[in-house]
Amino acid sequence: MTQPTREKILDVVFKLVYINGYNGTSMAMILKECGIPKGSLYHYFKSKKEMVLAVVSERINPRMDEFYQLNVEESQEGIDTLLAAILKVSKKELLVSYGCPLNRLNQEMSPVDSDFEKAINSIYNRLRDKITLLLENSQLKLDVDKESLSEFIIASVWGSISLSPTQSTTGRYIQTISHLINYLKSLKV
């Protein structure tokens with residue numbers, strides 16, 4: 001069965017914007033990759049911005065939830081679930097090479113477009129809240145500010161995978177992120 005046109009457009013736009021950035025992705029590139037006429041594209045979306053905002057809500061948002069499955073196992077403390085998720089990043093070659101798609105779009109579009117900032121912040125805040133909840137469900141030293149630690153964790157992981165594709169490797173990610181992992185382990189009681 002062939003993929004519905006709208007879904008195909010979103011998948012293509014996700015891939016192109018993830019690799020090339022918003023400004024580096026042209027409508028011509030999208031049309032060529034989709035293999036559809038311009039009128040068909042505009043039947044589904046009025047503009048590139050509308051397409052990319054749909055990608056944020058319908059592609060990036062679910063991927064963040066899927067990737068960061070931050071649910072505490074019965075036999076596991078929240079911090080151990082978090083540590084496993086941080087290490088899981090190293091298994092995703094595209095993620096290590098190109099960074100977090102949400103962060104990439106955030107860096108490029110949030111400073112210049114409030115619609116992108118609002119959509120991206122909503123996902124970021126939900127992720128931060130999930131991490132905070134995991135930390136609250138952990139036996140940590142008493143003086144730990146769990147919300148700011150959550151933001152530090154996100155910034156550390158995103159920063160570790162935000163180098164240029166030629167500088168990003170799995171080994172480099174593991175080497176860099178090991179400092180965060182050691183720090184988090186030191187907070188356990």
# chains A, B, ... in the order shown; residues from 1 in each chain; ligands from 1

$ residues_around --residues "Gly171 (chain A)" --least-positions-apart "6" --cutoff "10 Å" --atoms "only C-alpha atoms" --output "PDB file with all heavy atoms, in the first residue's frame"
ATOM      1  N   SER A  90      23.720   6.931  22.006  1.00  0.00           N
ATOM      2  CA  SER A  90      24.902   6.473  21.264  1.00  0.00           C
ATOM      3  C   SER A  90      24.578   5.386  20.254  1.00  0.00           C
ATOM      4  O   SER A  90      25.348   5.135  19.335  1.00  0.00           O
ATOM      5  CB  SER A  90      25.977   5.970  22.230  1.00  0.00           C
ATOM      6  OG  SER A  90      25.557   4.775  22.869  1.00  0.00           O
ATOM      7  N   VAL A  96      23.485  10.970  16.531  1.00  0.00           N
ATOM      8  CA  VAL A  96      24.853  11.375  16.873  1.00  0.00           C
ATOM      9  C   VAL A  96      25.428  12.259  15.769  1.00  0.00           C
ATOM     10  O   VAL A  96      26.088  13.256  16.037  1.00  0.00           O
ATOM     11  CB  VAL A  96      25.753  10.144  17.127  1.00  0.00           C
ATOM     12  CG1 VAL A  96      27.211  10.547  17.267  1.00  0.00           C
ATOM     13  CG2 VAL A  96      25.293   9.402  18.382  1.00  0.00           C
ATOM     14  N   ILE A 177      29.751  12.399  27.216  1.00  0.00           N
ATOM     15  CA  ILE A 177      28.593  12.206  28.087  1.00  0.00           C
ATOM     16  C   ILE A 177      28.946  11.416  29.337  1.00  0.00           C
ATOM     17  O   ILE A 177      28.209  11.449  30.323  1.00  0.00           O
ATOM     18  CB  ILE A 177      27.419  11.573  27.289  1.00  0.00           C
ATOM     19  CG1 ILE A 177      26.081  12.071  27.827  1.00  0.00           C
ATOM     20  CG2 ILE A 177      27.479  10.070  27.298  1.00  0.00           C
ATOM     21  CD1 ILE A 177      25.820  13.522  27.620  1.00  0.00           C
TER      22      ILE A 177
END

$ atom_distance --atom1 "CA of Leu10 (chain A)" --atom2 "CA of Leu31 (chain A)"
11.7 Å

$ residues_around --residues "region 156-163 of chain A" --least-positions-apart "5" --cutoff "12 Å" --atoms "only C-alpha atoms" --output "PyMOL selection string"
chain A and resi 68+82-83+85-90+92-107+124+149-151+168-181+183-184

$ residues_around --residues "Val189 (chain A)" --least-positions-apart "5" --cutoff "12 Å" --atoms "only C-alpha atoms" --output "PyMOL selection string"
chain A and resi 77+79+138-144+184

$ write_last_selection --atoms "N, CA and C atoms" --output "PDB file, in the first residue's frame"
ATOM      1  N   GLU A  77      15.173   2.709  39.784  1.00  0.00           N
ATOM      2  CA  GLU A  77      14.982   4.095  40.194  1.00  0.00           C
ATOM      3  C   GLU A  77      14.912   4.964  38.946  1.00  0.00           C
ATOM      4  N   ILE A  79      16.471   7.636  38.177  1.00  0.00           N
ATOM      5  CA  ILE A  79      17.774   8.064  37.662  1.00  0.00           C
ATOM      6  C   ILE A  79      18.407   6.972  36.800  1.00  0.00           C
ATOM      7  N   SER A 138      13.732   9.174  42.558  1.00  0.00           N
ATOM      8  CA  SER A 138      15.067   8.624  42.761  1.00  0.00           C
ATOM      9  C   SER A 138      15.547   8.995  44.154  1.00  0.00           C
ATOM     10  N   GLN A 139      16.409   8.185  44.664  1.00  0.00           N
ATOM     11  CA  GLN A 139      17.021   8.486  45.962  1.00  0.00           C
ATOM     12  C   GLN A 139      18.295   9.282  45.683  1.00  0.00           C
ATOM     13  N   LEU A 140      18.149  10.613  45.768  1.00  0.00           N
ATOM     14  CA  LEU A 140      19.269  11.516  45.500  1.00  0.00           C
ATOM     15  C   LEU A 140      19.608  12.300  46.756  1.00  0.00           C
ATOM     16  N   LYS A 141      20.776  12.885  46.754  1.00  0.00           N
ATOM     17  CA  LYS A 141      21.176  13.763  47.857  1.00  0.00           C
ATOM     18  C   LYS A 141      20.120  14.849  48.038  1.00  0.00           C
ATOM     19  N   LEU A 142      19.922  15.283  49.237  1.00  0.00           N
ATOM     20  CA  LEU A 142      18.818  16.190  49.569  1.00  0.00           C
ATOM     21  C   LEU A 142      18.890  17.558  48.903  1.00  0.00           C
ATOM     22  N   ASP A 143      20.064  18.071  48.647  1.00  0.00           N
ATOM     23  CA  ASP A 143      20.189  19.437  48.150  1.00  0.00           C
ATOM     24  C   ASP A 143      20.111  19.565  46.630  1.00  0.00           C
ATOM     25  N   VAL A 144      19.649  18.549  45.952  1.00  0.00           N
ATOM     26  CA  VAL A 144      19.595  18.572  44.489  1.00  0.00           C
ATOM     27  C   VAL A 144      18.334  19.302  44.017  1.00  0.00           C
ATOM     28  N   LEU A 184      25.807  12.262  37.574  1.00  0.00           N
ATOM     29  CA  LEU A 184      24.484  11.792  38.016  1.00  0.00           C
ATOM     30  C   LEU A 184      24.617  10.628  38.995  1.00  0.00           C
TER      31      LEU A 184
END

$ atom_distance --atom1 "CA of Ser57 (chain A)" --atom2 "CA of Ile123 (chain A)"
8.7 Å

$ residues_around --residues "region 114-122 of chain A" --least-positions-apart "2" --cutoff "12 Å" --atoms "only C-alpha atoms" --output "PDB file with N, CA and C atoms, in the first residue's frame"
ATOM      1  N   TYR A  22      15.996  24.455   8.331  1.00  0.00           N
ATOM      2  CA  TYR A  22      14.803  25.087   7.761  1.00  0.00           C
ATOM      3  C   TYR A  22      15.178  25.954   6.563  1.00  0.00           C
ATOM      4  N   LYS A  49       6.426  27.013   6.212  1.00  0.00           N
ATOM      5  CA  LYS A  49       6.307  27.156   7.662  1.00  0.00           C
ATOM      6  C   LYS A  49       5.217  26.230   8.199  1.00  0.00           C
ATOM      7  N   GLU A  50       4.073  26.213   7.568  1.00  0.00           N
ATOM      8  CA  GLU A  50       2.975  25.345   8.011  1.00  0.00           C
ATOM      9  C   GLU A  50       3.396  23.874   7.963  1.00  0.00           C
ATOM     10  N   MET A  51       4.119  23.491   6.915  1.00  0.00           N
ATOM     11  CA  MET A  51       4.611  22.107   6.801  1.00  0.00           C
ATOM     12  C   MET A  51       5.550  21.765   7.955  1.00  0.00           C
ATOM     13  N   VAL A  52       6.498  22.658   8.221  1.00  0.00           N
ATOM     14  CA  VAL A  52       7.497  22.364   9.243  1.00  0.00           C
ATOM     15  C   VAL A  52       6.871  22.387  10.637  1.00  0.00           C
ATOM     16  N   LEU A  53       5.916  23.256  10.882  1.00  0.00           N
ATOM     17  CA  LEU A  53       5.210  23.220  12.163  1.00  0.00           C
ATOM     18  C   LEU A  53       4.431  21.909  12.315  1.00  0.00           C
ATOM     19  N   ALA A  54       3.883  21.409  11.219  1.00  0.00           N
ATOM     20  CA  ALA A  54       3.214  20.097  11.262  1.00  0.00           C
ATOM     21  C   ALA A  54       4.231  18.992  11.547  1.00  0.00           C
ATOM     22  N   VAL A  55       5.422  19.124  11.003  1.00  0.00           N
ATOM     23  CA  VAL A  55       6.494  18.158  11.285  1.00  0.00           C
ATOM     24  C   VAL A  55       6.844  18.177  12.778  1.00  0.00           C
ATOM     25  N   VAL A  56       6.902  19.366  13.356  1.00  0.00           N
ATOM     26  CA  VAL A  56       7.210  19.477  14.786  1.00  0.00           C
ATOM     27  C   VAL A  56       6.169  18.715  15.606  1.00  0.00           C
ATOM     28  N   SER A  57       4.894  18.943  15.311  1.00  0.00           N
ATOM     29  CA  SER A  57       3.854  18.303  16.128  1.00  0.00           C
ATOM     30  C   SER A  57       3.609  16.843  15.763  1.00  0.00           C
ATOM     31  N   GLU A  58       3.756  16.477  14.488  1.00  0.00           N
ATOM     32  CA  GLU A  58       3.387  15.136  14.069  1.00  0.00           C
ATOM     33  C   GLU A  58       4.558  14.183  13.855  1.00  0.00           C
ATOM     34  N   ILE A  60       8.329  15.177  15.085  1.00  0.00           N
ATOM     35  CA  ILE A  60       9.328  15.349  16.136  1.00  0.00           C
ATOM     36  C   ILE A  60       8.736  15.057  17.513  1.00  0.00           C
ATOM     37  N   ASN A  61       7.571  15.591  17.803  1.00  0.00           N
ATOM     38  CA  ASN A  61       6.946  15.375  19.106  1.00  0.00           C
ATOM     39  C   ASN A  61       6.788  13.881  19.422  1.00  0.00           C
ATOM     40  N   MET A  64      10.218  12.272  20.062  1.00  0.00           N
ATOM     41  CA  MET A  64      10.786  12.604  21.371  1.00  0.00           C
ATOM     42  C   MET A  64      10.168  11.709  22.437  1.00  0.00           C
ATOM     43  N   PRO A 101      16.824  16.616  16.500  1.00  0.00           N
ATOM     44  CA  PRO A 101      16.072  17.415  15.520  1.00  0.00           C
ATOM     45  C   PRO A 101      15.321  18.580  16.164  1.00  0.00           C
ATOM     46  N   LEU A 102      14.854  18.388  17.383  1.00  0.00           N
ATOM     47  CA  LEU A 102      14.160  19.475  18.069  1.00  0.00           C
ATOM     48  C   LEU A 102      15.135  20.602  18.394  1.00  0.00           C
ATOM     49  N   ASN A 103      16.295  20.254  18.896  1.00  0.00           N
ATOM     50  CA  ASN A 103      17.292  21.267  19.234  1.00  0.00           C
ATOM     51  C   ASN A 103      17.791  21.999  17.987  1.00  0.00           C
ATOM     52  N   ARG A 104      18.006  21.269  16.909  1.00  0.00           N
ATOM     53  CA  ARG A 104      18.469  21.921  15.666  1.00  0.00           C
ATOM     54  C   ARG A 104      17.465  22.969  15.203  1.00  0.00           C
ATOM     55  N   LEU A 105      16.199  22.590  15.201  1.00  0.00           N
ATOM     56  CA  LEU A 105      15.159  23.521  14.772  1.00  0.00           C
ATOM     57  C   LEU A 105      15.023  24.664  15.780  1.00  0.00           C
ATOM     58  N   ASN A 106      15.176  24.353  17.043  1.00  0.00           N
ATOM     59  CA  ASN A 106      15.127  25.378  18.081  1.00  0.00           C
ATOM     60  C   ASN A 106      16.209  26.431  17.865  1.00  0.00           C
ATOM     61  N   GLN A 107      17.429  25.992  17.617  1.00  0.00           N
ATOM     62  CA  GLN A 107      18.539  26.918  17.416  1.00  0.00           C
ATOM     63  C   GLN A 107      18.316  27.822  16.209  1.00  0.00           C
ATOM     64  N   GLU A 108      17.741  27.248  15.166  1.00  0.00           N
ATOM     65  CA  GLU A 108      17.568  28.010  13.929  1.00  0.00           C
ATOM     66  C   GLU A 108      16.326  28.902  13.940  1.00  0.00           C
ATOM     67  N   MET A 109      15.210  28.398  14.467  1.00  0.00           N
ATOM     68  CA  MET A 109      13.944  29.090  14.247  1.00  0.00           C
ATOM     69  C   MET A 109      13.363  29.821  15.459  1.00  0.00           C
ATOM     70  N   SER A 110      13.610  29.325  16.667  1.00  0.00           N
ATOM     71  CA  SER A 110      13.015  29.986  17.841  1.00  0.00           C
ATOM     72  C   SER A 110      13.401  31.449  17.980  1.00  0.00           C
ATOM     73  N   PRO A 111      14.660  31.816  17.700  1.00  0.00           N
ATOM     74  CA  PRO A 111      15.010  33.238  17.842  1.00  0.00           C
ATOM     75  C   PRO A 111      14.307  34.164  16.843  1.00  0.00           C
ATOM     76  N   VAL A 112      13.794  33.605  15.758  1.00  0.00           N
ATOM     77  CA  VAL A 112      13.234  34.464  14.708  1.00  0.00           C
ATOM     78  C   VAL A 112      11.742  34.263  14.456  1.00  0.00           C
ATOM     79  N   TYR A 124       9.854  20.752  24.707  1.00  0.00           N
ATOM     80  CA  TYR A 124      10.975  20.843  25.648  1.00  0.00           C
ATOM     81  C   TYR A 124      10.480  20.803  27.098  1.00  0.00           C
ATOM     82  N   ASN A 125       9.444  21.585  27.395  1.00  0.00           N
ATOM     83  CA  ASN A 125       8.925  21.641  28.761  1.00  0.00           C
ATOM     84  C   ASN A 125       8.379  20.285  29.204  1.00  0.00           C
ATOM     85  N   ARG A 126       7.723  19.583  28.308  1.00  0.00           N
ATOM     86  CA  ARG A 126       7.214  18.250  28.638  1.00  0.00           C
ATOM     87  C   ARG A 126       8.365  17.286  28.920  1.00  0.00           C
ATOM     88  N   LEU A 127       9.419  17.355  28.116  1.00  0.00           N
ATOM     89  CA  LEU A 127      10.592  16.510  28.337  1.00  0.00           C
ATOM     90  C   LEU A 127      11.256  16.855  29.678  1.00  0.00           C
ATOM     91  N   ARG A 128      11.415  18.144  29.944  1.00  0.00           N
ATOM     92  CA  ARG A 128      11.999  18.568  31.221  1.00  0.00           C
ATOM     93  C   ARG A 128      11.166  18.075  32.398  1.00  0.00           C
ATOM     94  N   ASP A 129       9.859  18.155  32.280  1.00  0.00           N
ATOM     95  CA  ASP A 129       8.980  17.700  33.355  1.00  0.00           C
ATOM     96  C   ASP A 129       9.077  16.191  33.563  1.00  0.00           C
TER      97      ASP A 129
END

$ select_by_dssp --residues "region 51-172 of chain A" --states "alpha helix (DSSP H)" --output "VMD selection string"
chain A and resid 51 to 55 61 to 67 78 to 88 93 to 98 101 to 109 114 to 136 146 to 160 170 to 172

$ closest_residue --among "A:Ser47, A:Ser40, A:Ser186, A:Thr25" --to "Lys8 (chain A)" --atoms "only C-alpha atoms"
A:Ser40

$ closest_residue --among "A:Gln76, A:Asn20, A:Thr5, A:Thr81" --to "Gly35 (chain A)" --atoms "only C-alpha atoms"
A:Thr5

$ atom_distance --atom1 "CA of Gly21 (chain A)" --atom2 "CA of Ile9 (chain A)"
16.0 Å

$ closest_residue --among "A:Ser164, A:Ile19, A:Arg6, A:Glu136" --to "His43 (chain A)" --atoms "only C-alpha atoms"
A:Arg6
